[in-house]
Amino acid sequence: MSAASSQEALRREVRDWLSQNVDAGWRAAMTDSEQEAFFALQKEWFSELVKAGYATPHWPEGWPGGGRSLAEQKIIYEEVARADAPRLILYFVALYHAACTLFECGSAEQQSRYLPAILEGEIWCQGFSEPNAGSDLASLKTRAVRQGDHYVITGQKTWSTMAQYADRCLLLARTDKGERPQAGLTYLLLDMRARGVTVRPISQITGDDEFAEIFFDEVEVPVEDRIGEEGAGWAVAQTTLASERGLTLVELSQRMRYALPLIVDAMRRSDRLDDAAIRRDFGRLITHVDAACALADRYLLKRISGDEAPGDASIVKLYYARTLREFTALGKRIAGLDGQYHRGFMRGATQETGNWTVDFMNSYNWSIAGGSDEIQRNIIAERMLGMPREPRDWTLKGQGA
Ligand SMILES: Cc1cc2nc3c(=O)[nH]c(=O)nc-3n(C[C@H](O)[C@H](O)[C@H](O)COP(=O)(O)OP(=O)(O)OC[C@H]3O[C@@H](n4cnc5c(N)ncnc54)[C@H](O)[C@@H]3O)c2cc1C
């Protein structure tokens, strides 16, 4: 079978499976849902996807569902977006950030200890950012002091997605001052149930508490849970950050495309289907959504052919974040007073739900998470366009580096 026809067969297979397995009522069940309902839906959907082999197409061959080419992964993510299946918000860090880091930098023993647990449904969080270390991540201050066969951790992390539910944390901590701030960092896998860990969820303006602060009070981490050498955590962290870029934006751009009818729905409800100004702005949005999908596709093609250049991923992220804000702002504007009404939030939802006030507020996530818009612009300017670097060495350009 040619590559094209086997990909077409995969698309049909995934589409059929999704049509039989996605419960169309999941969104309604999640609005204002209690934690238990959210957990139940996430767990059930996660285990269904793992069983079908669609949760881990990016894992290497030999693992369930693994060994898929980038083109095949893209098909799976596109179909998941088309089917409007729930996003795996509880498992995202485990499946991508943790697994990719373990595959690239973990020892064979660490891989065999942690990867099966991830497939069983262990939840992980990422503990990188601190109150004074976000874009400039290398200035982080959480300390790890070696004492015999373990490290003792003291400090604080913040904005850690789903940390209040996590079993384990990808932790970046300082073991040494180092000549450059990046030099003294060490990468550890921390048990969130260990003595001395306190998690405080952060209440958001939407009503959700999607992320949390984590406090470490002399928490012990065995040396065997260190990834890479002591002081070499910066390079490991780059692997984790790179995994965030993966195909996420291919899926999210497609989700935005399939959500465009929400705008038509808002126009119909507010009797503005014939409003020329709204039609013009909707037309413009459609072209921007198409461009976001095309940029994500082009990025993927570059990765497939090994032509990825510095700054390519930043362009995709920057454009997606801008278009998502435009999408939700237009929905909110069309819905008028009705769009101002806060209908509660939907745990683990996609970015576009038609609950416009919450969608609009959530759309700003993408301009900050994984490296802010300004940081993406710096990367494009300096690494792609060859413009002069900032006068001061900001060291990281951080979470987007
Ligand atoms: C939805 C979401 C999920 C997140 N999940 C996690 C997580 O799971 N784990 C984790 O560790 N972190 C997480 N974060 C944190 C995220 O990585 C940081 O918020 C981000 O890196 C920005 O850091 P900061 O908030 O400290 O802002 P700062 O770095 O203080 O930036 C403040 C402002 O200054 C600008 N700025 C900073 N430096 C420069 C510069 N050199 N040039 C120009 N402008 C600059 C920024 O663009 C921004 O507008 C998450 C954030 C969000 C929004």
# chains A, B, ... in the order shown; residues from 1 in each chain; ligands from 1

call {"tool": "residues_near_ligand", "arguments": {"ligand": "ligand 1", "cutoff": "9 Å", "atoms": "only C-alpha atoms and all ligand atoms", "output": "number ranges by chain"}}
result
A: 93, 125-137, 157-163, 170-172, 210-212, 362, 364-378, 390, 392-400

call {"tool": "closest_atom_pairs", "arguments": {"of": "region 302-347 of chain A", "to": "region 273-279 of chain A", "cutoff": "12 Å", "atoms": "only C-alpha atoms", "output": "CSV"}}
result
residue,atom,partner,partner_atom,distance
A:Ala329,CA,A:Ile278,CA,11.9
A:Leu330,CA,A:Ile278,CA,8.3
A:Gly331,CA,A:Ile278,CA,10.0
A:Lys332,CA,A:Ile278,CA,11.8
A:Arg333,CA,A:Ile278,CA,9.1
A:Ile334,CA,A:Ile278,CA,7.5
A:Ala335,CA,A:Ile278,CA,11.2

call {"tool": "select_by_dssp", "arguments": {"residues": "region 109-255 of chain A", "states": "alpha helix (DSSP H)", "output": "ChimeraX atom specification"}}
result
/A:109-120,233-245,248-255

call {"tool": "select_by_dssp", "arguments": {"residues": "region 152-355 of chain A", "states": "strand (DSSP E)", "output": "JSON, numbers by chain"}}
result
{"A": [152, 153, 154, 155, 156, 157, 158, 159, 160, 161, 168, 169, 170, 171, 172, 173, 174, 185, 186, 187, 188, 189, 190, 191, 197, 198, 199, 200, 201, 202, 211, 212, 213, 214, 215, 216, 217, 218, 219, 220, 221, 222, 226, 227]}

call {"tool": "write_last_selection", "arguments": {"atoms": "N, CA and C atoms", "output": "compact mmCIF listing (two decimals), in the first residue's frame"}}
result
# COMPACT_ATOMS: atom_id res chain seq x y z
N VAL A 152 17.60 17.57 49.03
CA VAL A 152 16.60 18.21 49.88
C VAL A 152 16.15 19.49 49.18
N ILE A 153 14.85 19.58 48.91
CA ILE A 153 14.31 20.68 48.09
C ILE A 153 13.61 21.70 48.97
N THR A 154 13.93 22.97 48.75
CA THR A 154 13.26 24.05 49.47
C THR A 154 12.99 25.19 48.49
N GLY A 155 11.74 25.66 48.47
CA GLY A 155 11.44 26.77 47.56
C GLY A 155 9.99 26.75 47.14
N GLN A 156 9.70 27.45 46.04
CA GLN A 156 8.31 27.58 45.57
C GLN A 156 8.24 27.61 44.05
N LYS A 157 7.22 26.95 43.52
CA LYS A 157 6.90 27.02 42.09
C LYS A 157 5.52 27.63 41.94
N THR A 158 5.23 28.12 40.75
CA THR A 158 3.88 28.68 40.55
C THR A 158 3.39 28.41 39.13
N TRP A 159 2.12 28.63 38.88
CA TRP A 159 1.45 28.41 37.59
C TRP A 159 1.59 26.96 37.13
N SER A 160 1.67 26.05 38.02
CA SER A 160 1.90 24.66 37.63
C SER A 160 0.55 24.00 37.29
N THR A 161 0.36 23.72 36.01
CA THR A 161 -0.94 23.25 35.54
C THR A 161 -1.31 21.91 36.18
N ARG A 168 3.21 13.32 40.35
CA ARG A 168 4.65 13.54 40.21
C ARG A 168 4.91 14.87 39.51
N CYS A 169 6.08 15.44 39.78
CA CYS A 169 6.40 16.77 39.25
C CYS A 169 7.75 16.75 38.54
N LEU A 170 7.79 17.37 37.36
CA LEU A 170 9.06 17.60 36.67
C LEU A 170 9.64 18.86 37.27
N LEU A 171 10.68 18.72 38.05
CA LEU A 171 11.17 19.86 38.84
C LEU A 171 12.53 20.34 38.36
N LEU A 172 12.61 21.64 38.16
CA LEU A 172 13.90 22.26 37.84
C LEU A 172 14.33 23.05 39.07
N ALA A 173 15.50 22.69 39.63
CA ALA A 173 15.94 23.33 40.87
C ALA A 173 17.43 23.69 40.78
N ARG A 174 17.83 24.57 41.68
CA ARG A 174 19.22 25.05 41.66
C ARG A 174 20.07 24.25 42.63
N LEU A 185 21.71 24.33 37.37
CA LEU A 185 20.35 23.78 37.52
C LEU A 185 20.34 22.26 37.36
N THR A 186 19.47 21.61 38.12
CA THR A 186 19.38 20.14 38.08
C THR A 186 17.91 19.74 37.92
N TYR A 187 17.70 18.67 37.17
CA TYR A 187 16.35 18.24 36.81
C TYR A 187 15.97 17.00 37.63
N LEU A 188 14.86 17.10 38.37
CA LEU A 188 14.47 15.99 39.26
C LEU A 188 13.01 15.59 39.04
N LEU A 189 12.71 14.35 39.35
CA LEU A 189 11.33 13.87 39.32
C LEU A 189 10.86 13.76 40.77
N LEU A 190 9.90 14.59 41.13
CA LEU A 190 9.53 14.69 42.55
C LEU A 190 8.15 14.07 42.79
N ASP A 191 8.08 13.27 43.85
CA ASP A 191 6.82 12.64 44.25
C ASP A 191 5.95 13.69 44.95
N VAL A 197 5.56 18.68 50.81
CA VAL A 197 4.98 19.31 49.60
C VAL A 197 3.60 19.88 49.95
N THR A 198 3.41 21.17 49.66
CA THR A 198 2.09 21.78 49.87
C THR A 198 1.65 22.39 48.54
N VAL A 199 0.41 22.10 48.15
CA VAL A 199 -0.10 22.63 46.87
C VAL A 199 -1.26 23.56 47.16
N ARG A 200 -1.21 24.75 46.57
CA ARG A 200 -2.30 25.70 46.78
C ARG A 200 -2.85 26.10 45.42
N PRO A 201 -4.06 25.62 45.06
CA PRO A 201 -4.63 25.97 43.75
C PRO A 201 -4.80 27.48 43.61
N ILE A 202 -4.63 27.99 42.40
CA ILE A 202 -4.79 29.43 42.14
C ILE A 202 -6.17 29.64 41.52
N PHE A 211 -4.44 25.90 37.55
CA PHE A 211 -3.06 25.69 37.99
C PHE A 211 -2.89 26.06 39.46
N ALA A 212 -1.65 25.82 39.97
CA ALA A 212 -1.45 25.93 41.41
C ALA A 212 -0.03 26.38 41.74
N GLU A 213 0.11 26.85 42.99
CA GLU A 213 1.45 27.09 43.54
C GLU A 213 1.88 25.80 44.25
N ILE A 214 3.18 25.54 44.25
CA ILE A 214 3.69 24.37 45.00
C ILE A 214 4.79 24.88 45.93
N PHE A 215 4.69 24.49 47.19
CA PHE A 215 5.70 24.88 48.17
C PHE A 215 6.47 23.63 48.61
N PHE A 216 7.78 23.77 48.68
CA PHE A 216 8.63 22.63 49.09
C PHE A 216 9.34 23.00 50.38
N ASP A 217 9.09 22.20 51.41
CA ASP A 217 9.73 22.45 52.69
C ASP A 217 10.59 21.23 53.05
N GLU A 218 11.82 21.30 52.63
CA GLU A 218 12.78 20.21 52.87
C GLU A 218 12.25 18.86 52.38
N VAL A 219 11.85 18.85 51.13
CA VAL A 219 11.32 17.62 50.52
C VAL A 219 12.48 16.77 50.01
N GLU A 220 12.44 15.49 50.32
CA GLU A 220 13.55 14.63 49.90
C GLU A 220 13.25 13.95 48.55
N VAL A 221 14.21 14.03 47.65
CA VAL A 221 14.08 13.36 46.34
C VAL A 221 15.30 12.44 46.18
N PRO A 222 15.08 11.13 45.98
CA PRO A 222 16.23 10.23 45.81
C PRO A 222 17.08 10.63 44.60
N ARG A 226 16.98 11.76 39.57
CA ARG A 226 17.55 12.89 38.84
C ARG A 226 17.67 12.51 37.37
N ILE A 227 17.27 13.40 36.46
CA ILE A 227 17.45 13.11 35.03
C ILE A 227 18.68 13.86 34.55

call {"tool": "atom_distance", "arguments": {"atom1": "CA of Gln351 (chain A)", "atom2": "CA of Thr328 (chain A)"}}
result
8.7 Å

call {"tool": "closest_residue", "arguments": {"among": "A:Pro86, A:Leu295, A:Thr240, A:Glu120", "to": "Ala99 (chain A)", "atoms": "only C-alpha atoms"}}
result
A:Thr240

call {"tool": "closest_residue", "arguments": {"among": "A:Gln340, A:His288, A:Ile304, A:Glu78", "to": "Ala321 (chain A)", "atoms": "only C-alpha atoms"}}
result
A:His288

call {"tool": "closest_residue", "arguments": {"among": "A:Leu260, A:Leu70, A:Ala237, A:Leu10", "to": "Gly283 (chain A)", "atoms": "only C-alpha atoms"}}
result
A:Leu260

call {"tool": "decode", "arguments": {"residues": "region 3-73 of chain A", "atoms": "C-alpha atoms", "output": "PDB file, in the first residue's frame"}}
result
ATOM      1  CA  ALA A   3       1.992   5.960   1.979  1.00  0.00           C
ATOM      2  CA  ALA A   4      -0.932   8.100   0.773  1.00  0.00           C
ATOM      3  CA  SER A   5      -3.442   5.248   0.740  1.00  0.00           C
ATOM      4  CA  SER A   6      -2.304   3.846   4.084  1.00  0.00           C
ATOM      5  CA  GLN A   7      -2.703   7.330   5.563  1.00  0.00           C
ATOM      6  CA  GLU A   8      -6.179   7.561   4.070  1.00  0.00           C
ATOM      7  CA  ALA A   9      -6.998   4.176   5.621  1.00  0.00           C
ATOM      8  CA  LEU A  10      -5.734   5.398   8.994  1.00  0.00           C
ATOM      9  CA  ARG A  11      -7.902   8.504   8.701  1.00  0.00           C
ATOM     10  CA  ARG A  12     -10.994   6.399   8.050  1.00  0.00           C
ATOM     11  CA  GLU A  13     -10.154   4.036  10.901  1.00  0.00           C
ATOM     12  CA  VAL A  14      -9.639   6.897  13.390  1.00  0.00           C
ATOM     13  CA  ARG A  15     -12.746   8.733  12.209  1.00  0.00           C
ATOM     14  CA  ASP A  16     -14.881   5.604  12.564  1.00  0.00           C
ATOM     15  CA  TRP A  17     -13.515   4.882  16.000  1.00  0.00           C
ATOM     16  CA  LEU A  18     -14.110   8.437  17.183  1.00  0.00           C
ATOM     17  CA  SER A  19     -17.629   8.510  15.800  1.00  0.00           C
ATOM     18  CA  GLN A  20     -18.433   5.455  17.892  1.00  0.00           C
ATOM     19  CA  ASN A  21     -16.598   6.505  21.034  1.00  0.00           C
ATOM     20  CA  VAL A  22     -16.929  10.261  21.548  1.00  0.00           C
ATOM     21  CA  ASP A  23     -19.937  11.004  23.695  1.00  0.00           C
ATOM     22  CA  ALA A  24     -21.502  14.052  22.077  1.00  0.00           C
ATOM     23  CA  GLY A  25     -22.920  15.113  25.432  1.00  0.00           C
ATOM     24  CA  TRP A  26     -19.562  15.487  27.162  1.00  0.00           C
ATOM     25  CA  ARG A  27     -19.515  19.283  27.026  1.00  0.00           C
ATOM     26  CA  ALA A  28     -22.893  19.624  28.664  1.00  0.00           C
ATOM     27  CA  ALA A  29     -21.791  17.194  31.371  1.00  0.00           C
ATOM     28  CA  MET A  30     -18.716  19.286  32.118  1.00  0.00           C
ATOM     29  CA  THR A  31     -20.261  22.726  32.553  1.00  0.00           C
ATOM     30  CA  ASP A  32     -19.936  23.692  36.193  1.00  0.00           C
ATOM     31  CA  SER A  33     -19.138  20.062  36.882  1.00  0.00           C
ATOM     32  CA  GLU A  34     -17.756  18.956  40.182  1.00  0.00           C
ATOM     33  CA  GLN A  35     -14.252  17.648  40.375  1.00  0.00           C
ATOM     34  CA  GLU A  36     -15.408  14.000  40.430  1.00  0.00           C
ATOM     35  CA  ALA A  37     -17.275  14.304  37.126  1.00  0.00           C
ATOM     36  CA  PHE A  38     -14.296  16.008  35.547  1.00  0.00           C
ATOM     37  CA  PHE A  39     -11.974  13.284  36.802  1.00  0.00           C
ATOM     38  CA  ALA A  40     -14.264  10.488  35.704  1.00  0.00           C
ATOM     39  CA  LEU A  41     -14.551  11.860  32.168  1.00  0.00           C
ATOM     40  CA  GLN A  42     -10.814  12.508  31.834  1.00  0.00           C
ATOM     41  CA  LYS A  43      -9.878   9.080  33.195  1.00  0.00           C
ATOM     42  CA  GLU A  44     -12.347   7.206  31.057  1.00  0.00           C
ATOM     43  CA  TRP A  45     -11.414   9.065  27.887  1.00  0.00           C
ATOM     44  CA  PHE A  46      -7.712   8.664  28.610  1.00  0.00           C
ATOM     45  CA  SER A  47      -7.974   4.911  29.070  1.00  0.00           C
ATOM     46  CA  GLU A  48     -10.151   4.550  25.943  1.00  0.00           C
ATOM     47  CA  LEU A  49      -7.563   6.442  23.897  1.00  0.00           C
ATOM     48  CA  VAL A  50      -4.667   4.442  25.345  1.00  0.00           C
ATOM     49  CA  LYS A  51      -6.465   1.163  24.556  1.00  0.00           C
ATOM     50  CA  ALA A  52      -7.159   2.274  21.002  1.00  0.00           C
ATOM     51  CA  GLY A  53      -3.530   3.416  20.588  1.00  0.00           C
ATOM     52  CA  TYR A  54      -4.447   7.038  19.868  1.00  0.00           C
ATOM     53  CA  ALA A  55      -3.055   8.627  23.046  1.00  0.00           C
ATOM     54  CA  THR A  56       0.595   7.932  22.290  1.00  0.00           C
ATOM     55  CA  PRO A  57       1.223   8.059  18.529  1.00  0.00           C
ATOM     56  CA  HIS A  58       4.304  10.204  19.289  1.00  0.00           C
ATOM     57  CA  TRP A  59       5.903   7.544  21.508  1.00  0.00           C
ATOM     58  CA  PRO A  60       8.570   5.303  19.909  1.00  0.00           C
ATOM     59  CA  GLU A  61       7.844   1.954  18.355  1.00  0.00           C
ATOM     60  CA  GLY A  62       7.392  -0.831  20.900  1.00  0.00           C
ATOM     61  CA  TRP A  63       5.027   1.176  23.089  1.00  0.00           C
ATOM     62  CA  PRO A  64       1.254   0.838  22.669  1.00  0.00           C
ATOM     63  CA  GLY A  65       0.164   3.059  19.780  1.00  0.00           C
ATOM     64  CA  GLY A  66       3.726   4.307  19.279  1.00  0.00           C
ATOM     65  CA  GLY A  67       5.993   4.518  16.249  1.00  0.00           C
ATOM     66  CA  ARG A  68       3.673   6.652  14.113  1.00  0.00           C
ATOM     67  CA  SER A  69       5.202   8.982  11.536  1.00  0.00           C
ATOM     68  CA  LEU A  70       4.613  12.726  11.955  1.00  0.00           C
ATOM     69  CA  ALA A  71       2.165  12.582   9.039  1.00  0.00           C
ATOM     70  CA  GLU A  72       0.186   9.844  10.806  1.00  0.00           C
ATOM     71  CA  GLN A  73       0.254  11.734  14.096  1.00  0.00           C
TER      72      GLN A  73
END
